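Data from entry.cif: mmCIF, C-alpha atoms
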data_work
#
loop_
_atom_site.label_atom_id
_atom_site.label_comp_id
_atom_site.auth_asym_id
_atom_site.auth_seq_id
_atom_site.Cartn_x
_atom_site.Cartn_y
_atom_site.Cartn_z
CA MET A 1202 72.14 16.50 27.29
CA ALA A 1203 70.03 15.96 30.38
CA PHE A 1204 70.42 12.74 32.23
CA GLN A 1205 68.03 10.09 31.17
CA PRO A 1206 66.42 8.08 33.88
CA SER A 1207 68.02 4.71 33.41
CA LYS A 1208 65.90 2.22 31.62
CA SER A 1209 67.67 -0.85 32.86
CA LYS A 1210 67.47 0.00 36.54
CA LYS A 1211 63.81 0.85 36.43
CA ASN A 1212 62.50 -2.39 37.83
CA LEU A 1213 65.34 -3.07 40.22
CA ARG A 1214 63.92 -1.55 43.36
CA GLN A 1215 60.89 -3.35 44.75
CA GLU A 1216 58.59 -1.86 47.24
CA SER A 1217 57.76 -4.02 50.14
CA GLY A 1218 54.77 -3.07 52.18
CA ALA A 1219 53.49 -4.84 55.20
CA LEU A 1220 49.73 -4.72 55.70
CA ASN A 1221 49.01 -2.98 58.95
CA MET A 1222 46.55 -5.23 60.72
CA ASN A 1223 46.00 -3.21 63.83
CA SER A 1224 42.81 -1.51 62.80
CA MET A 1225 41.26 -4.69 61.49
CA MET A 1226 41.97 -6.39 64.78
CA ASP A 1227 40.27 -3.59 66.65
CA MET A 1228 37.24 -3.81 64.45
CA MET A 1229 36.96 -7.57 64.78
CA THR A 1230 37.31 -7.47 68.53
CA ILE A 1231 34.62 -4.87 68.93
CA ILE A 1232 32.23 -6.72 66.63
CA LEU A 1233 32.83 -9.98 68.44
CA LEU A 1234 32.23 -8.52 71.87
CA PHE A 1235 29.13 -6.75 70.68
CA LEU A 1236 27.65 -9.91 69.17
CA LEU A 1237 28.39 -11.94 72.26
CA LYS A 1238 26.80 -9.37 74.50
CA SER A 1239 23.68 -8.92 72.42
CA TYR A 1240 23.05 -12.63 72.17
CA SER A 1241 23.50 -13.27 75.84
CA THR A 1242 20.98 -10.63 76.89
CA GLU A 1243 18.53 -11.66 74.19
CA GLY A 1244 18.32 -15.13 75.55
CA ALA A 1245 19.18 -16.68 72.21
CA LEU A 1246 22.01 -18.64 73.74
CA VAL A 1247 19.95 -21.56 74.88
CA THR A 1248 22.08 -24.66 74.91
CA PRO A 1249 20.19 -27.37 73.14
CA SER A 1250 20.74 -30.79 74.51
CA GLU A 1251 19.32 -34.23 73.92
CA GLN A 1252 17.05 -33.94 76.92
CA LEU A 1253 15.70 -30.51 76.18
CA ARG A 1254 14.48 -29.96 72.65
CA LEU A 1255 12.11 -27.05 72.45
CA PRO A 1256 8.93 -27.60 70.46
CA GLN A 1257 8.40 -25.80 67.18
CA SER A 1258 5.76 -23.22 66.61
CA ILE A 1259 4.87 -20.73 63.90
CA GLN A 1260 3.90 -17.98 66.28
CA GLY A 1261 5.72 -16.28 69.06
CA GLU A 1262 7.31 -12.99 69.93
CA LYS A 1263 10.89 -12.32 70.80
CA PRO A 1264 11.75 -13.74 74.19
CA LYS A 1265 13.32 -11.62 76.87
CA LYS A 1266 15.70 -12.82 79.49
CA GLU A 1267 13.67 -13.80 82.54
CA LEU A 1268 13.63 -16.44 85.21
CA SER A 1269 13.57 -19.77 83.44
CA VAL A 1270 11.97 -23.00 84.46
CA SER A 1271 13.20 -25.85 82.31
CA VAL A 1272 11.45 -29.17 82.13
CA ALA A 1273 13.76 -31.73 80.60
CA SER A 1274 12.74 -35.31 80.07
CA GLU A 1275 13.81 -36.34 83.57
CA LEU A 1276 14.52 -33.20 85.52
CA ILE A 1277 12.97 -29.91 86.46
CA LEU A 1278 15.39 -27.00 86.67
CA VAL A 1279 15.05 -23.40 87.74
CA ASN A 1280 17.69 -21.13 86.18
CA ASN A 1281 19.72 -24.23 85.32
CA VAL A 1282 19.76 -25.55 88.88
CA VAL A 1283 18.08 -28.90 89.39
CA VAL A 1284 15.08 -28.65 91.67
CA ALA A 1285 13.30 -31.96 91.31
CA THR A 1286 13.11 -35.00 89.12
CA VAL A 1287 10.05 -35.88 87.11
CA ASP A 1288 9.64 -39.03 89.20
CA ASP A 1289 9.42 -36.97 92.38
CA ILE A 1290 6.15 -35.45 91.27
CA GLU A 1291 3.31 -36.97 93.21
CA GLU A 1292 0.33 -38.38 91.41
CA ASP A 1293 -2.69 -36.76 92.96
CA ILE A 1294 -1.65 -33.28 93.88
CA LEU A 1295 -1.23 -30.53 91.37
CA MET A 1296 1.44 -28.56 93.19
CA ILE A 1297 5.11 -29.45 92.80
CA GLU A 1298 6.54 -28.66 96.23
CA PRO A 1299 10.29 -28.25 95.55
CA LEU A 1300 9.51 -26.04 92.58
CA ARG A 1301 7.16 -23.95 94.64
CA ARG A 1302 9.78 -23.41 97.30
CA LYS A 1303 12.42 -22.40 94.81
CA LEU A 1304 10.06 -19.97 93.07
CA ALA A 1305 9.18 -18.47 96.43
CA GLU A 1306 12.90 -17.90 97.13
CA TYR A 1307 13.38 -16.18 93.80
CA ALA A 1308 10.27 -14.11 94.31
CA GLN A 1309 11.67 -12.99 97.65
CA GLN A 1310 14.92 -11.90 95.98
CA GLU A 1311 13.07 -10.03 93.28
CA ILE A 1312 10.93 -8.18 95.78
CA GLU A 1313 14.02 -7.20 97.75
CA LEU A 1314 15.64 -5.96 94.57
CA GLN A 1315 12.56 -3.99 93.83
CA ASN A 1316 12.62 -2.36 97.21
CA THR A 1317 16.32 -1.58 97.32
CA VAL A 1318 17.32 -0.86 93.74
CA GLY A 1319 13.97 -0.18 92.13
CA LYS A 1320 14.12 -2.95 89.57
CA GLU A 1321 10.59 -3.75 88.56
CA PHE A 1322 9.32 -7.21 89.36
CA THR A 1323 7.82 -8.38 86.12
CA HIS A 1324 6.38 -11.70 87.42
CA VAL A 1325 7.42 -13.30 84.13
CA VAL A 1326 8.79 -16.80 83.94
CA ASN A 1327 10.02 -18.49 80.77
CA ILE A 1328 9.04 -22.14 80.61
CA GLN A 1329 11.28 -24.29 78.45
CA GLY A 1330 9.96 -27.76 77.97
CA ASP A 1331 11.27 -30.67 76.02
CA GLU A 1332 8.91 -31.42 73.19
CA LYS A 1333 8.15 -34.88 74.49
CA ILE A 1334 7.07 -34.10 78.03
CA PRO A 1335 3.57 -35.32 78.86
CA PHE A 1336 0.78 -32.84 79.36
CA GLU A 1337 0.45 -33.86 82.97
CA VAL A 1338 3.93 -32.65 83.88
CA LEU A 1339 3.45 -29.46 81.91
CA PHE A 1340 0.15 -28.74 83.59
CA LYS A 1341 1.54 -29.29 87.06
CA VAL A 1342 4.50 -27.01 86.38
CA MET A 1343 2.17 -24.34 85.01
CA PHE A 1344 -0.13 -24.71 87.98
CA THR A 1345 2.75 -24.37 90.43
CA CYS A 1346 4.00 -21.26 88.62
CA SER A 1347 0.57 -19.71 88.53
CA LYS A 1348 0.23 -20.12 92.27
CA SER A 1349 3.56 -18.47 92.96
CA ASP A 1350 4.52 -14.87 92.35
CA PHE A 1351 5.56 -15.72 88.81
CA TYR A 1352 2.16 -16.02 87.25
CA LYS A 1353 2.93 -14.60 83.84
CA MET A 1354 4.13 -17.56 81.85
CA ARG A 1355 5.83 -17.60 78.50
CA LEU A 1356 6.43 -20.83 76.65
CA LEU A 1357 9.70 -20.84 74.71
CA THR A 1358 9.54 -22.42 71.28
CA ILE A 1359 11.64 -22.53 68.17
CA LYS A 1360 10.18 -20.33 65.51
CA THR A 1361 9.59 -22.03 62.18
CA GLY A 1362 7.47 -21.38 59.19
CA ALA A 1363 6.92 -18.41 56.89
CA MET B 709 86.84 1.74 79.31
CA ALA B 710 86.30 2.85 75.78
CA TYR B 711 86.61 0.18 73.24
CA LYS B 712 87.31 0.43 69.58
CA PRO B 713 84.16 0.51 67.53
CA SER B 714 84.90 -2.98 66.23
CA LEU B 715 85.25 -4.43 69.75
CA ARG B 716 82.19 -2.81 71.32
CA ARG B 717 79.53 -5.05 72.58
CA LYS B 718 76.97 -5.33 69.95
CA SER B 719 73.46 -5.57 71.18
CA GLU B 720 71.18 -7.11 68.73
CA GLU B 721 67.95 -5.38 68.21
CA LEU B 722 65.29 -7.89 67.67
CA ASP B 723 62.90 -6.41 65.28
CA MET B 724 60.04 -8.77 65.64
CA GLU B 725 56.63 -8.07 64.37
CA LEU B 726 53.76 -9.39 66.40
CA ASP B 727 52.32 -12.30 64.51
CA ILE B 728 48.57 -11.84 64.69
CA ARG B 729 47.64 -14.33 62.04
CA PRO B 730 46.35 -16.98 64.49
CA VAL B 731 44.25 -14.39 66.30
CA MET B 732 42.86 -13.17 63.02
CA ASN B 733 41.95 -16.76 62.20
CA LEU B 734 39.96 -16.93 65.39
CA MET B 735 38.09 -13.73 64.65
CA VAL B 736 37.36 -14.67 61.09
CA VAL B 737 35.91 -17.98 62.23
CA LEU B 738 34.02 -16.87 65.34
CA ILE B 739 32.24 -13.84 63.94
CA PRO B 740 30.68 -15.51 60.90
CA LEU B 741 29.74 -18.40 63.15
CA LEU B 742 27.85 -16.16 65.53
CA ILE B 743 26.16 -14.32 62.70
CA ALA B 744 25.20 -17.55 60.98
CA SER B 745 23.87 -19.15 64.14
CA ALA B 746 21.73 -16.09 64.77
CA GLU B 747 19.72 -16.81 61.66
CA TRP B 748 19.03 -20.49 62.15
CA VAL B 749 17.70 -20.76 65.67
CA ARG B 750 15.10 -18.14 66.23
CA LEU B 751 13.36 -18.44 69.54
CA GLY B 752 9.76 -17.53 69.98
CA SER B 753 7.87 -17.01 73.17
CA ILE B 754 4.15 -17.73 73.49
CA GLU B 755 2.37 -15.83 76.18
CA ILE B 756 -0.09 -17.48 78.51
CA ASN B 757 -1.50 -15.08 81.00
CA VAL B 758 -3.34 -16.20 84.04
CA PRO B 759 -5.11 -13.44 85.89
CA PRO B 760 -3.99 -13.73 89.51
CA SER B 761 -7.56 -13.93 90.80
CA GLN B 762 -8.38 -17.28 89.22
CA THR B 763 -8.07 -20.44 91.23
CA GLY B 764 -6.58 -22.59 88.51
CA VAL B 765 -4.92 -22.40 85.16
CA GLY B 766 -8.26 -22.10 83.39
CA ASP B 767 -11.13 -23.45 85.39
CA ASN B 768 -13.98 -24.90 83.40
CA GLY B 769 -16.27 -25.53 86.34
CA ASP B 770 -16.21 -21.98 87.61
CA GLU B 771 -17.10 -20.52 84.26
CA ALA B 772 -20.15 -22.71 83.93
CA ASP B 773 -21.43 -21.55 87.32
CA ASN B 774 -20.93 -17.91 86.50
CA ASP B 775 -22.72 -18.54 83.27
CA GLN B 776 -25.97 -19.48 84.96
CA VAL B 777 -25.77 -16.89 87.67
CA GLU B 778 -24.98 -13.87 85.52
CA LYS B 779 -26.89 -14.95 82.43
CA GLU B 780 -24.17 -13.68 80.10
CA LYS B 781 -23.63 -15.31 76.80
CA LYS B 782 -20.51 -17.35 77.21
CA LEU B 783 -19.27 -19.70 74.61
CA GLY B 784 -16.86 -21.63 76.81
CA LEU B 785 -15.18 -23.28 73.87
CA SER B 786 -13.13 -26.22 75.02
CA ILE B 787 -10.70 -28.34 73.07
CA ALA B 788 -9.96 -31.76 74.47
CA ILE B 789 -6.96 -33.63 73.10
CA THR B 790 -6.67 -37.35 73.56
CA ASP B 791 -4.99 -40.25 71.86
CA LEU B 792 -8.06 -40.77 69.71
CA GLY B 793 -8.39 -37.25 68.44
CA ILE B 794 -9.51 -33.77 69.32
CA THR B 795 -12.97 -33.02 70.63
CA ILE B 796 -14.39 -29.54 70.31
CA ALA B 797 -17.09 -28.82 72.85
CA SER B 798 -18.87 -26.09 74.70
CA PRO B 799 -21.01 -26.34 77.85
CA GLY B 800 -24.06 -26.49 75.66
CA ALA B 801 -23.15 -29.26 73.27
CA VAL B 802 -20.37 -31.39 71.91
CA LEU B 803 -19.53 -31.01 68.25
CA GLY B 804 -19.66 -34.45 66.76
CA SER B 805 -17.53 -35.41 63.82
CA SER B 806 -19.08 -35.50 60.40
CA GLU B 807 -18.96 -39.27 60.06
CA ASN B 808 -19.35 -40.55 63.52
CA GLU B 809 -21.44 -38.71 66.08
CA GLU B 810 -19.87 -40.51 68.98
CA GLY B 811 -16.16 -40.24 68.40
CA PRO B 812 -13.94 -37.21 68.75
CA THR B 813 -14.66 -34.25 66.50
CA VAL B 814 -11.35 -34.49 64.71
CA PRO B 815 -10.11 -38.07 64.84
CA ILE B 816 -6.46 -38.84 64.35
CA LEU B 817 -5.14 -39.64 60.94
CA ALA B 818 -4.12 -43.09 59.84
CA ASP B 819 -0.49 -42.58 60.80
CA GLY B 820 -1.29 -41.67 64.38
CA LYS B 821 -0.83 -37.93 64.11
CA GLN B 822 -3.50 -35.40 64.90
CA ASP B 823 -5.41 -33.91 61.99
CA TYR B 824 -4.52 -30.25 62.21
CA GLU B 825 -6.06 -29.22 58.91
CA THR B 826 -9.51 -30.49 59.76
CA LEU B 827 -9.14 -28.90 63.17
CA THR B 828 -8.36 -25.54 61.60
CA ALA B 829 -11.26 -25.88 59.17
CA LYS B 830 -13.71 -26.66 61.97
CA LEU B 831 -12.41 -23.81 64.10
CA ILE B 832 -12.78 -21.36 61.25
CA GLU B 833 -16.38 -22.52 60.77
CA ILE B 834 -17.11 -22.04 64.45
CA LYS B 835 -15.48 -18.63 64.49
CA LYS B 836 -17.53 -17.49 61.52
CA ALA B 837 -20.69 -18.77 63.15
CA ILE B 838 -20.18 -16.98 66.46
CA THR B 839 -18.70 -13.66 65.38
CA GLY B 840 -21.06 -10.88 66.13
CA LYS B 841 -23.41 -12.99 68.19
CA GLY B 842 -22.31 -11.24 71.33
CA PHE B 843 -20.48 -13.98 73.16
CA LYS B 844 -18.35 -12.40 75.81
CA ASP B 845 -15.53 -14.84 75.43
CA GLU B 846 -15.52 -15.34 71.69
CA ASN B 847 -11.72 -15.05 71.63
CA ARG B 848 -11.09 -17.60 74.32
CA ALA B 849 -10.65 -21.33 74.28
CA VAL B 850 -9.71 -23.77 76.99
CA ILE B 851 -7.34 -26.57 76.13
CA THR B 852 -7.46 -29.73 78.11
CA ALA B 853 -5.65 -32.94 77.36
CA ALA B 854 -5.05 -36.46 78.55
CA GLY B 855 -2.03 -36.85 80.79
CA ASP B 856 0.26 -38.43 78.26
CA ILE B 857 -0.16 -36.14 75.26
CA GLU B 858 3.19 -34.73 74.13
CA TYR B 859 4.04 -31.06 74.55
CA GLN B 860 4.74 -30.64 70.83
CA VAL B 861 1.19 -31.74 70.00
CA ILE B 862 -0.18 -29.19 72.41
CA VAL B 863 1.96 -26.42 70.95
CA LYS B 864 0.77 -27.35 67.46
CA VAL B 865 -2.85 -27.31 68.56
CA MET B 866 -2.25 -23.90 70.13
CA ASP B 867 -0.72 -22.69 66.89
CA ASN B 868 -3.77 -23.78 64.95
CA LEU B 869 -6.08 -22.43 67.59
CA GLN B 870 -4.64 -19.00 68.11
CA THR B 871 -3.97 -18.07 64.51
CA TYR B 872 -4.84 -19.21 61.05
CA GLU B 873 -3.48 -18.54 57.62
CA ASN B 874 -5.91 -17.18 55.10
CA ASP B 875 -5.74 -17.27 51.32
CA SER B 876 -3.34 -14.39 50.99
CA ASN B 877 -0.93 -16.14 53.37
CA GLU B 878 -1.48 -13.69 56.19
CA ILE B 879 -1.55 -14.89 59.75
CA LEU B 880 -4.76 -13.75 61.43
CA PRO B 881 -6.00 -14.34 64.98
CA LEU B 882 -8.59 -17.03 65.59
CA PHE B 883 -8.97 -17.65 69.32
CA PRO B 884 -6.01 -15.78 70.78
CA GLU B 885 -6.78 -16.26 74.46
CA VAL B 886 -5.92 -19.70 75.64
CA ASN B 887 -6.31 -21.25 79.06
CA PHE B 888 -5.39 -24.70 80.23
CA SER B 889 -7.42 -27.11 82.25
CA LYS B 890 -7.08 -30.68 83.37
CA ILE B 891 -9.45 -33.55 83.08
CA ILE B 892 -9.84 -34.67 86.66
#
Could you show the structure in this file as structure tokens?
Amino acid sequence: MAFQPSKSKKNLRQESGALNMNSMMDMMTIILLFLLKSYSTEGALVTPSEQLRLPQSIQGEKPKKELSVSVASELILVNNVVVATVDDIEEDILMIEPLRRKLAEYAQQEIELQNTVGKEFTHVVNIQGDEKIPFEVLFKVMFTCSKSDFYKMRLLTIKTGA
Amino acid sequence: MAYKPSLRRKSEELDMELDIRPVMNLMVVLIPLLIASAEWVRLGSIEINVPPSQTGVGDNGDEADNDQVEKEKKLGLSIAITDLGITIASPGAVLGSSENEEGPTVPILADGKQDYETLTAKLIEIKKAITGKGFKDENRAVITAAGDIEYQVIVKVMDNLQTYENDSNEILPLFPEVNFSKII
């Protein structure tokens, strides 16, 4: 008689398998790095703060990463560096002098880059304003930008609606 | 010196598996977070182009002069926003409101907010009336406002000015070119 496979010892041996996580880790790392990179170049990583709440609008195209002029409730910043305070702005003149100087510096850098590396100077500036800033401040900032080499202005808003 | 197998130094082999569970936690939390935050805050960018030859950000006075010299039909639509309401005007006339000829065209509502629906309705009327009449700047409007009007109000007026939503819920252009000017 041939040997029967034993019925009692059938369930004795248990297979233990460890899940090999290496490939999942690779995948997650790549996805994470990719997402971080795409959001930082898109300009979607705008840190909201109490002093800078962008206004809401139903229209608007996708913003690109450009020089940014931020007008918070008390401060005016260029590329996140404080340039002036809102109180510094003089009453009668339309030009904001510290802002003009800073924009001229940046324009100089961009022109040099254009000459040496060939990077095109787009003249675009993204204006981020807190939703409560008065029209006067906005107009003066826009006037100062229009008189500098950054005359193409884009207003950043939060897209809402259908 | 050779030792007996039982007396040989036994080196323990530590067979340790790298514990990646905490790192996996991080990944599983961060990636959905980034994906989720991408949906909620969508940034938009509204373009305002100023041709480099102009002297200001939208200059009402200059346009009126050119109007008489060149004899072109220019509409020169201007929207003035103040605390009392919105006034729609053009160098020829000021559009009075339906009730009160003297006040702003679109007075503010009872709760202090601007009346965007009436504004849109009036703008659509104007647009229908001027289309095809040959105005050179029929797609342009100049926004001017009192010094203390909030930015959000201006953006909302721009929204209602540049586009409108028709019955089939499409967004169509109304006066897409916008310039800014200041009441001096």
Residues selected by the PyMOL selection byres ((chain B) within 9 of (chain A)), written as a PyMOL selection string: chain B and resi 728+731-732+735-736+738-739+742-743+746+749-760+763-765+852-864+866-867+870-871+877+888-890
Expansion of the PyMOL selection byres ((chain B and resi 828) around 12) into residues, as a PyMOL selection string: chain B and resi 794+796+813-814+822-827+829-835+864-874+881-883
Contacts of Gly820 of chain B within 12 Å, only C-alpha atoms, excl. fewer than 3 positions in-chain, as an MDAnalysis selection string: chainID B and resid 790:793 815:817 823 861
For atom CA of Thr1286 of chain A and atom CA of Glu1311 of chain A, the interatomic separation in Å (one decimal): 25.3 Å
I would like the residues chosen by the PyMOL selection byres ((chain A and resi 1273) around 8) on the shown file; could you give them as a PDB file with C-alpha atoms, keeping the file's coordinate frame?
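Output file result03.pdb follows:
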ATOM      1  CA  GLN A1252      17.050 -33.940  76.920  1.00  0.00           C
ATOM      2  CA  LEU A1253      15.700 -30.510  76.180  1.00  0.00           C
ATOM      3  CA  SER A1271      13.200 -25.850  82.310  1.00  0.00           C
ATOM      4  CA  VAL A1272      11.450 -29.170  82.130  1.00  0.00           C
ATOM      5  CA  SER A1274      12.740 -35.310  80.070  1.00  0.00           C
ATOM      6  CA  GLU A1275      13.810 -36.340  83.570  1.00  0.00           C
ATOM      7  CA  LEU A1276      14.520 -33.200  85.520  1.00  0.00           C
ATOM      8  CA  ILE A1277      12.970 -29.910  86.460  1.00  0.00           C
ATOM      9  CA  LEU A1278      15.390 -27.000  86.670  1.00  0.00           C
ATOM     10  CA  GLY A1330       9.960 -27.760  77.970  1.00  0.00           C
ATOM     11  CA  ASP A1331      11.270 -30.670  76.020  1.00  0.00           C
ATOM     12  CA  ILE A1334       7.070 -34.100  78.030  1.00  0.00           C
TER      13      ILE A1334
END
Atom CA of Val1342 of chain A to atom CA of Arg1302 of chain A, straight-line distance in Å: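 A separation of 12.7 Å between them.
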Minimum-distance residue to Asp727 of chain B, chosen among A:Met1296, A:Ile1231, A:Leu1213, A:Leu1220 (using only C-alpha atoms):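 Smallest separation from Asp727 of chain B among the options: A:Leu1220.
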Atom CA of Ile1312 of chain A to atom CA of Glu885 of chain B, distance in Å rounded to a single decimal: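 These atoms are spaced 28.9 Å apart.
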